[in-house]
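Participant: Coordinates in upload21.cif, mmCIF, C-alpha atoms, are listed below.
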data_upload
loop_
_atom_site.label_atom_id
_atom_site.label_comp_id
_atom_site.auth_asym_id
_atom_site.auth_seq_id
_atom_site.Cartn_x
_atom_site.Cartn_y
_atom_site.Cartn_z
CA MET Y 1 -40.46 -6.77 -9.74
CA GLY Y 2 -42.66 -7.81 -6.81
CA ASP Y 3 -42.81 -11.61 -7.07
CA GLU Y 4 -39.38 -12.05 -8.60
CA PHE Y 5 -37.82 -9.74 -6.01
CA ARG Y 6 -39.45 -11.63 -3.11
CA ARG Y 7 -38.33 -14.96 -4.52
CA ASN Y 8 -34.72 -13.75 -4.65
CA LEU Y 9 -34.90 -12.50 -1.07
CA LEU Y 10 -36.32 -15.77 0.19
CA GLY Y 11 -33.92 -17.97 -1.76
CA PRO Y 12 -34.58 -20.77 -4.20
CA GLU Y 13 -37.81 -22.68 -4.27
CA PRO Y 14 -37.72 -26.20 -2.77
CA THR Y 15 -36.80 -28.96 -5.18
CA LEU Y 16 -39.35 -31.78 -5.29
CA LEU Y 17 -38.23 -35.05 -6.84
CA PRO Y 18 -40.72 -37.45 -8.41
CA ALA Y 19 -42.20 -40.03 -6.07
CA GLU Y 20 -41.13 -43.64 -6.51
CA ASP Y 21 -44.48 -45.16 -5.61
CA ASP Y 22 -43.98 -48.18 -7.87
CA LEU Y 23 -40.70 -49.07 -6.16
CA GLN Y 24 -42.20 -48.47 -2.72
CA ALA Y 25 -45.03 -50.85 -3.58
CA ARG Y 26 -42.62 -53.50 -4.83
CA LEU Y 27 -40.51 -53.21 -1.67
CA ALA Y 28 -43.66 -53.50 0.45
CA ALA Y 29 -44.62 -56.60 -1.55
CA GLY Y 30 -41.31 -58.22 -0.61
CA ASP Y 31 -39.05 -57.49 -3.57
CA GLU Y 32 -35.40 -57.08 -2.54
CA ALA Y 33 -33.68 -53.72 -3.00
CA VAL Y 34 -30.67 -55.41 -4.62
CA ASP Y 35 -32.87 -56.95 -7.32
CA LEU Y 36 -34.75 -53.71 -7.90
CA ALA Y 37 -31.53 -51.64 -8.08
CA ALA Y 38 -30.34 -53.79 -10.96
CA LYS Y 39 -33.49 -52.80 -12.88
CA HIS Y 40 -33.79 -49.22 -11.56
CA PRO Y 41 -30.21 -47.99 -11.10
CA THR Y 42 -31.21 -44.31 -11.02
CA SER Y 43 -33.20 -44.72 -7.78
CA SER Y 44 -31.47 -43.05 -4.82
CA LEU Y 45 -33.95 -44.79 -2.54
CA LEU Y 46 -32.78 -48.25 -3.53
CA TRP Y 47 -29.10 -47.34 -3.12
CA ALA Y 48 -29.87 -45.83 0.29
CA ILE Y 49 -31.61 -49.04 1.37
CA LEU Y 50 -28.62 -51.08 0.20
CA ALA Y 51 -26.29 -48.72 2.10
CA ASP Y 52 -28.35 -49.14 5.27
CA GLU Y 53 -28.41 -52.93 4.93
CA ALA Y 54 -24.65 -53.11 4.38
CA TYR Y 55 -23.96 -50.77 7.30
CA ALA Y 56 -26.19 -52.79 9.63
CA GLU Y 57 -24.21 -55.91 8.67
CA GLY Y 58 -20.86 -54.21 9.36
CA ARG Y 59 -19.93 -53.87 5.69
CA THR Y 60 -18.93 -50.22 5.96
CA ILE Y 61 -17.01 -49.93 2.69
CA GLU Y 62 -19.91 -51.43 0.77
CA SER Y 63 -22.27 -49.07 2.59
CA TYR Y 64 -20.07 -46.15 1.56
CA ALA Y 65 -20.09 -47.28 -2.08
CA TYR Y 66 -23.85 -47.80 -2.17
CA ALA Y 67 -24.47 -44.45 -0.47
CA ARG Y 68 -22.12 -42.63 -2.85
CA THR Y 69 -23.96 -44.13 -5.81
CA GLY Y 70 -27.32 -43.05 -4.37
CA TYR Y 71 -25.95 -39.59 -3.66
CA HIS Y 72 -24.70 -39.10 -7.22
CA ARG Y 73 -27.90 -40.50 -8.73
CA GLY Y 74 -29.80 -38.09 -6.50
CA LEU Y 75 -27.71 -35.11 -7.61
CA ASP Y 76 -28.50 -36.03 -11.22
CA SER Y 77 -32.21 -36.17 -10.41
CA LEU Y 78 -32.11 -32.90 -8.47
CA ARG Y 79 -30.49 -31.13 -11.41
CA ARG Y 80 -33.03 -32.61 -13.84
CA ASN Y 81 -35.75 -31.19 -11.59
CA GLY Y 82 -34.46 -27.63 -11.48
CA TRP Y 83 -32.02 -27.65 -8.56
CA LYS Y 84 -29.16 -25.20 -9.11
CA GLY Y 85 -26.77 -26.46 -6.43
CA THR Y 86 -28.45 -24.86 -3.43
CA GLY Y 87 -31.84 -24.65 -1.85
CA PRO Y 88 -34.24 -26.75 0.15
CA VAL Y 89 -34.85 -30.42 -0.53
CA PRO Y 90 -37.61 -31.06 2.02
CA TRP Y 91 -37.89 -34.41 3.80
CA ALA Y 92 -41.66 -33.92 4.01
CA HIS Y 93 -41.88 -34.57 0.25
CA GLU Y 94 -41.78 -38.36 -0.19
CA GLY Y 95 -39.91 -38.18 -3.49
CA ASN Y 96 -36.93 -36.48 -1.79
CA ARG Y 97 -36.45 -39.12 0.88
CA GLY Y 98 -34.31 -41.50 -1.16
CA PHE Y 99 -31.78 -38.79 -1.91
CA LEU Y 100 -31.76 -37.52 1.68
CA ARG Y 101 -31.35 -41.07 3.02
CA ALA Y 102 -28.44 -41.67 0.63
CA LEU Y 103 -26.88 -38.38 1.72
CA TYR Y 104 -27.25 -39.37 5.39
CA ALA Y 105 -25.81 -42.84 4.73
CA LEU Y 106 -22.84 -41.33 2.89
CA GLY Y 107 -22.05 -39.07 5.83
CA ARG Y 108 -22.42 -41.94 8.28
CA ALA Y 109 -20.11 -44.23 6.31
CA ALA Y 110 -17.61 -41.44 5.65
CA GLY Y 111 -17.39 -40.82 9.38
CA ALA Y 112 -17.00 -44.53 10.06
CA ILE Y 113 -13.98 -44.79 7.75
CA GLY Y 114 -12.32 -41.66 9.12
CA GLU Y 115 -13.25 -39.22 6.34
CA ALA Y 116 -14.01 -36.44 8.82
CA ASP Y 117 -13.96 -33.63 6.26
CA GLU Y 118 -16.41 -35.44 3.99
CA ALA Y 119 -18.65 -36.39 6.91
CA ALA Y 120 -18.78 -32.73 7.99
CA ARG Y 121 -19.48 -31.53 4.44
CA ILE Y 122 -22.29 -34.09 4.10
CA ALA Y 123 -23.77 -33.10 7.48
CA THR Y 124 -23.84 -29.47 6.33
CA PHE Y 125 -25.43 -30.43 3.00
CA LEU Y 126 -28.09 -32.52 4.76
CA ASN Y 127 -28.88 -29.70 7.19
CA ASP Y 128 -28.98 -27.13 4.37
CA SER Y 129 -31.35 -29.41 2.43
CA ASP Y 130 -33.71 -29.78 5.38
CA PRO Y 131 -32.79 -29.19 9.04
CA ALA Y 132 -35.40 -31.81 10.09
CA ALA Y 133 -34.06 -34.57 7.81
CA HIS Y 134 -31.31 -35.93 10.09
CA ALA Y 135 -33.65 -36.59 13.02
CA ALA Y 136 -36.39 -37.95 10.75
CA ILE Y 137 -33.99 -40.41 9.11
CA GLU Y 138 -32.59 -41.58 12.43
CA ALA Y 139 -36.13 -42.09 13.76
CA ALA Y 140 -36.98 -44.18 10.68
CA LEU Y 141 -33.93 -46.46 10.97
#
Rewrite the coordinates I just gave you, this time as structure tokens.
Facilitator:
Amino acid sequence: MGDEFRRNLLGPEPTLLPAEDDLQARLAAGDEAVDLAAKHPTSSLLWAILADEAYAEGRTIESYAYARTGYHRGLDSLRRNGWKGTGPVPWAHEGNRGFLRALYALGRAAGAIGEADEAARIATFLNDSDPAAHAAIEAAL
């Protein structure tokens, strides 16, 4: 009862997604996210990068679509890695950053197109995942 009871009191364990070191290396080597996404469509990181690029260029609807794709791909990955719909998804773990960036980008684009309810829901989800994520993502942009 001891360990199991403590775990229930403290809530779910953090979900840690696999790192995407190979994609990070290819991006660092100059490969374009759009080319990599065509070959690695399950990567939330690549969709988040595409969302950021589109947003920076004023293509808000495209940013929204890219971010939504990254968000849904991330939810799939979270579930495959034991996430039950709640619990921490820490920014400090490199493998989680693609999903958290896609989540942030989705909230940003939703707000930009007037989807206030969705933007608020996404902000809550991001904060519930990791209260430090929002500031860390903004600092990285």
Participant: Report as a list in words all protein, DNA and RNA residues lying within 10 Å of range 36-41 of chain Y, evaluated on only C-alpha atoms, omitting residues in the same chain fewer than 5 positions from it.
Facilitator: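 The residues that qualify are Leu23, Arg26, Leu27, Asp31, Leu46, Trp47, Ile49, Leu50, Thr69, Gly70 and Arg73 of chain Y.
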Participant: Counting all atoms listed in the file, I want the residues whose atoms come within 6 Å of (-26.9, -34.0, 3.8) in the file frame, returned as number ranges by chain.
Facilitator: Y: 103-104, 122-123, 125-127
Participant: Quote the spacing between CA of Gly74 in chain Y and CA of Leu106 in chain Y in Å to one decimal place.
Facilitator: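 For CA of Gly74 in chain Y relative to CA of Leu106 in chain Y, the distance reads 12.1 Å.
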Participant: Which is closest to Leu100 in chain Y among Y:Ser129, Y:Thr60, Y:Thr124, Y:Thr15, if we use all atoms listed in the file?
Facilitator: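 With all atoms listed in the file as the atom set, the closest residue is Y:Ser129.
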Participant: Would you translate the PyMOL selection byres ((chain Y and resi 81-83) around 9) into the concrete set of residues it matches in this file, as a list of chain:residue names?
Facilitator: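 Evaluating the PyMOL selection byres ((chain Y and resi 81-83) around 9) on this file yields Y:Pro12, Y:Glu13, Y:Pro14, Y:Thr15, Y:Leu16, Y:Leu17, Y:Pro18, Y:Leu75, Y:Asp76, Y:Ser77, Y:Leu78, Y:Arg79, Y:Arg80, Y:Lys84, Y:Gly85, Y:Thr86, Y:Gly87, Y:Val89.
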Participant: Mind pulling up the distance from CA of Arg121 in chain Y to CA of Gly98 in chain Y?
Facilitator: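 Going from CA of Gly98 in chain Y over to CA of Arg121 in chain Y, I get 18.7 Å.
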Participant: Restricting the calculation to only C-alpha atoms, which member of Y:Tyr71, Y:Glu53, Y:Ala136, Y:Gly58 is positioned closest to Ala112 in chain Y?
Facilitator: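 The shortest atom-to-atom distance to Ala112 in chain Y comes from Y:Gly58.
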Participant: One number please: CA of Ala54 in chain Y to CA of Arg97 in chain Y, in Å, one decimal.
Facilitator: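 Pair CA of Ala54 in chain Y / CA of Arg97 in chain Y returns 18.6 Å.
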Participant: Can you tell me, as a list in words, what residues are no more than 8 Å from Tyr64 in chain Y when counting all atoms listed in the file, ignoring any on the same chain fewer than 6 positions away?
Facilitator: Ala51, Ala105, Leu106, Ala109 and Ala110 of chain Y
Participant: Is it possible to add N, CA and C atoms to range 86-116 of chain Y and hand it back as a PDB file, keeping the file's coordinate frame?
Facilitator:
ATOM      1  N   THR Y  86     -28.088 -25.299  -4.780  1.00  0.00           N
ATOM      2  CA  THR Y  86     -28.450 -24.860  -3.430  1.00  0.00           C
ATOM      3  C   THR Y  86     -29.966 -24.847  -3.321  1.00  0.00           C
ATOM      4  N   GLY Y  87     -30.410 -24.773  -2.097  1.00  0.00           N
ATOM      5  CA  GLY Y  87     -31.840 -24.650  -1.850  1.00  0.00           C
ATOM      6  C   GLY Y  87     -32.419 -25.859  -1.162  1.00  0.00           C
ATOM      7  N   PRO Y  88     -33.616 -25.695  -0.632  1.00  0.00           N
ATOM      8  CA  PRO Y  88     -34.240 -26.750   0.150  1.00  0.00           C
ATOM      9  C   PRO Y  88     -34.603 -27.985  -0.672  1.00  0.00           C
ATOM     10  N   VAL Y  89     -34.416 -29.124  -0.016  1.00  0.00           N
ATOM     11  CA  VAL Y  89     -34.850 -30.420  -0.530  1.00  0.00           C
ATOM     12  C   VAL Y  89     -35.611 -31.055   0.642  1.00  0.00           C
ATOM     13  N   PRO Y  90     -36.887 -30.707   0.795  1.00  0.00           N
ATOM     14  CA  PRO Y  90     -37.610 -31.060   2.020  1.00  0.00           C
ATOM     15  C   PRO Y  90     -37.883 -32.551   2.197  1.00  0.00           C
ATOM     16  N   TRP Y  91     -37.613 -33.021   3.411  1.00  0.00           N
ATOM     17  CA  TRP Y  91     -37.890 -34.410   3.800  1.00  0.00           C
ATOM     18  C   TRP Y  91     -39.383 -34.695   3.720  1.00  0.00           C
ATOM     19  N   ALA Y  92     -40.213 -33.724   4.000  1.00  0.00           N
ATOM     20  CA  ALA Y  92     -41.660 -33.920   4.010  1.00  0.00           C
ATOM     21  C   ALA Y  92     -42.189 -34.398   2.655  1.00  0.00           C
ATOM     22  N   HIS Y  93     -41.473 -34.108   1.582  1.00  0.00           N
ATOM     23  CA  HIS Y  93     -41.880 -34.570   0.250  1.00  0.00           C
ATOM     24  C   HIS Y  93     -41.304 -35.971   0.030  1.00  0.00           C
ATOM     25  N   GLU Y  94     -42.179 -36.948  -0.098  1.00  0.00           N
ATOM     26  CA  GLU Y  94     -41.780 -38.360  -0.190  1.00  0.00           C
ATOM     27  C   GLU Y  94     -40.734 -38.617  -1.271  1.00  0.00           C
ATOM     28  N   GLY Y  95     -40.848 -37.957  -2.399  1.00  0.00           N
ATOM     29  CA  GLY Y  95     -39.910 -38.180  -3.490  1.00  0.00           C
ATOM     30  C   GLY Y  95     -38.479 -37.785  -3.165  1.00  0.00           C
ATOM     31  N   ASN Y  96     -38.277 -36.923  -2.181  1.00  0.00           N
ATOM     32  CA  ASN Y  96     -36.930 -36.480  -1.790  1.00  0.00           C
ATOM     33  C   ASN Y  96     -36.249 -37.417  -0.809  1.00  0.00           C
ATOM     34  N   ARG Y  97     -36.985 -38.318  -0.221  1.00  0.00           N
ATOM     35  CA  ARG Y  97     -36.450 -39.120   0.880  1.00  0.00           C
ATOM     36  C   ARG Y  97     -35.333 -40.066   0.469  1.00  0.00           C
ATOM     37  N   GLY Y  98     -35.392 -40.611  -0.715  1.00  0.00           N
ATOM     38  CA  GLY Y  98     -34.310 -41.500  -1.160  1.00  0.00           C
ATOM     39  C   GLY Y  98     -32.987 -40.758  -1.224  1.00  0.00           C
ATOM     40  N   PHE Y  99     -32.998 -39.571  -1.833  1.00  0.00           N
ATOM     41  CA  PHE Y  99     -31.780 -38.790  -1.910  1.00  0.00           C
ATOM     42  C   PHE Y  99     -31.279 -38.418  -0.518  1.00  0.00           C
ATOM     43  N   LEU Y 100     -32.175 -37.937   0.342  1.00  0.00           N
ATOM     44  CA  LEU Y 100     -31.760 -37.520   1.680  1.00  0.00           C
ATOM     45  C   LEU Y 100     -31.243 -38.707   2.493  1.00  0.00           C
ATOM     46  N   ARG Y 101     -31.845 -39.871   2.327  1.00  0.00           N
ATOM     47  CA  ARG Y 101     -31.350 -41.070   3.020  1.00  0.00           C
ATOM     48  C   ARG Y 101     -29.967 -41.463   2.498  1.00  0.00           C
ATOM     49  N   ALA Y 102     -29.756 -41.366   1.189  1.00  0.00           N
ATOM     50  CA  ALA Y 102     -28.440 -41.670   0.630  1.00  0.00           C
ATOM     51  C   ALA Y 102     -27.399 -40.674   1.136  1.00  0.00           C
ATOM     52  N   LEU Y 103     -27.774 -39.416   1.214  1.00  0.00           N
ATOM     53  CA  LEU Y 103     -26.880 -38.380   1.720  1.00  0.00           C
ATOM     54  C   LEU Y 103     -26.505 -38.678   3.177  1.00  0.00           C
ATOM     55  N   TYR Y 104     -27.489 -39.000   4.001  1.00  0.00           N
ATOM     56  CA  TYR Y 104     -27.250 -39.370   5.390  1.00  0.00           C
ATOM     57  C   TYR Y 104     -26.321 -40.578   5.477  1.00  0.00           C
ATOM     58  N   ALA Y 105     -26.614 -41.607   4.689  1.00  0.00           N
ATOM     59  CA  ALA Y 105     -25.810 -42.840   4.730  1.00  0.00           C
ATOM     60  C   ALA Y 105     -24.375 -42.578   4.293  1.00  0.00           C
ATOM     61  N   LEU Y 106     -24.193 -41.678   3.333  1.00  0.00           N
ATOM     62  CA  LEU Y 106     -22.840 -41.330   2.890  1.00  0.00           C
ATOM     63  C   LEU Y 106     -22.066 -40.654   4.020  1.00  0.00           C
ATOM     64  N   GLY Y 107     -22.699 -39.733   4.706  1.00  0.00           N
ATOM     65  CA  GLY Y 107     -22.050 -39.070   5.830  1.00  0.00           C
ATOM     66  C   GLY Y 107     -21.711 -40.041   6.947  1.00  0.00           C
ATOM     67  N   ARG Y 108     -22.636 -40.941   7.232  1.00  0.00           N
ATOM     68  CA  ARG Y 108     -22.420 -41.940   8.280  1.00  0.00           C
ATOM     69  C   ARG Y 108     -21.235 -42.837   7.942  1.00  0.00           C
ATOM     70  N   ALA Y 109     -21.200 -43.341   6.722  1.00  0.00           N
ATOM     71  CA  ALA Y 109     -20.110 -44.230   6.310  1.00  0.00           C
ATOM     72  C   ALA Y 109     -18.791 -43.470   6.220  1.00  0.00           C
ATOM     73  N   ALA Y 110     -18.829 -42.230   5.727  1.00  0.00           N
ATOM     74  CA  ALA Y 110     -17.610 -41.440   5.650  1.00  0.00           C
ATOM     75  C   ALA Y 110     -17.017 -41.248   7.047  1.00  0.00           C
ATOM     76  N   GLY Y 111     -17.861 -40.951   8.008  1.00  0.00           N
ATOM     77  CA  GLY Y 111     -17.390 -40.820   9.380  1.00  0.00           C
ATOM     78  C   GLY Y 111     -16.809 -42.112   9.915  1.00  0.00           C
ATOM     79  N   ALA Y 112     -17.448 -43.235   9.564  1.00  0.00           N
ATOM     80  CA  ALA Y 112     -17.000 -44.530  10.060  1.00  0.00           C
ATOM     81  C   ALA Y 112     -15.628 -44.939   9.497  1.00  0.00           C
ATOM     82  N   ILE Y 113     -15.287 -44.439   8.321  1.00  0.00           N
ATOM     83  CA  ILE Y 113     -13.980 -44.790   7.750  1.00  0.00           C
ATOM     84  C   ILE Y 113     -12.947 -43.680   7.949  1.00  0.00           C
ATOM     85  N   GLY Y 114     -13.277 -42.699   8.770  1.00  0.00           N
ATOM     86  CA  GLY Y 114     -12.320 -41.660   9.120  1.00  0.00           C
ATOM     87  C   GLY Y 114     -12.238 -40.484   8.155  1.00  0.00           C
ATOM     88  N   GLU Y 115     -13.205 -40.357   7.266  1.00  0.00           N
ATOM     89  CA  GLU Y 115     -13.250 -39.220   6.340  1.00  0.00           C
ATOM     90  C   GLU Y 115     -13.992 -38.067   6.999  1.00  0.00           C
ATOM     91  N   ALA Y 116     -13.349 -37.468   8.009  1.00  0.00           N
ATOM     92  CA  ALA Y 116     -14.010 -36.440   8.820  1.00  0.00           C
ATOM     93  C   ALA Y 116     -14.439 -35.230   7.999  1.00  0.00           C
TER      94      ALA Y 116
END
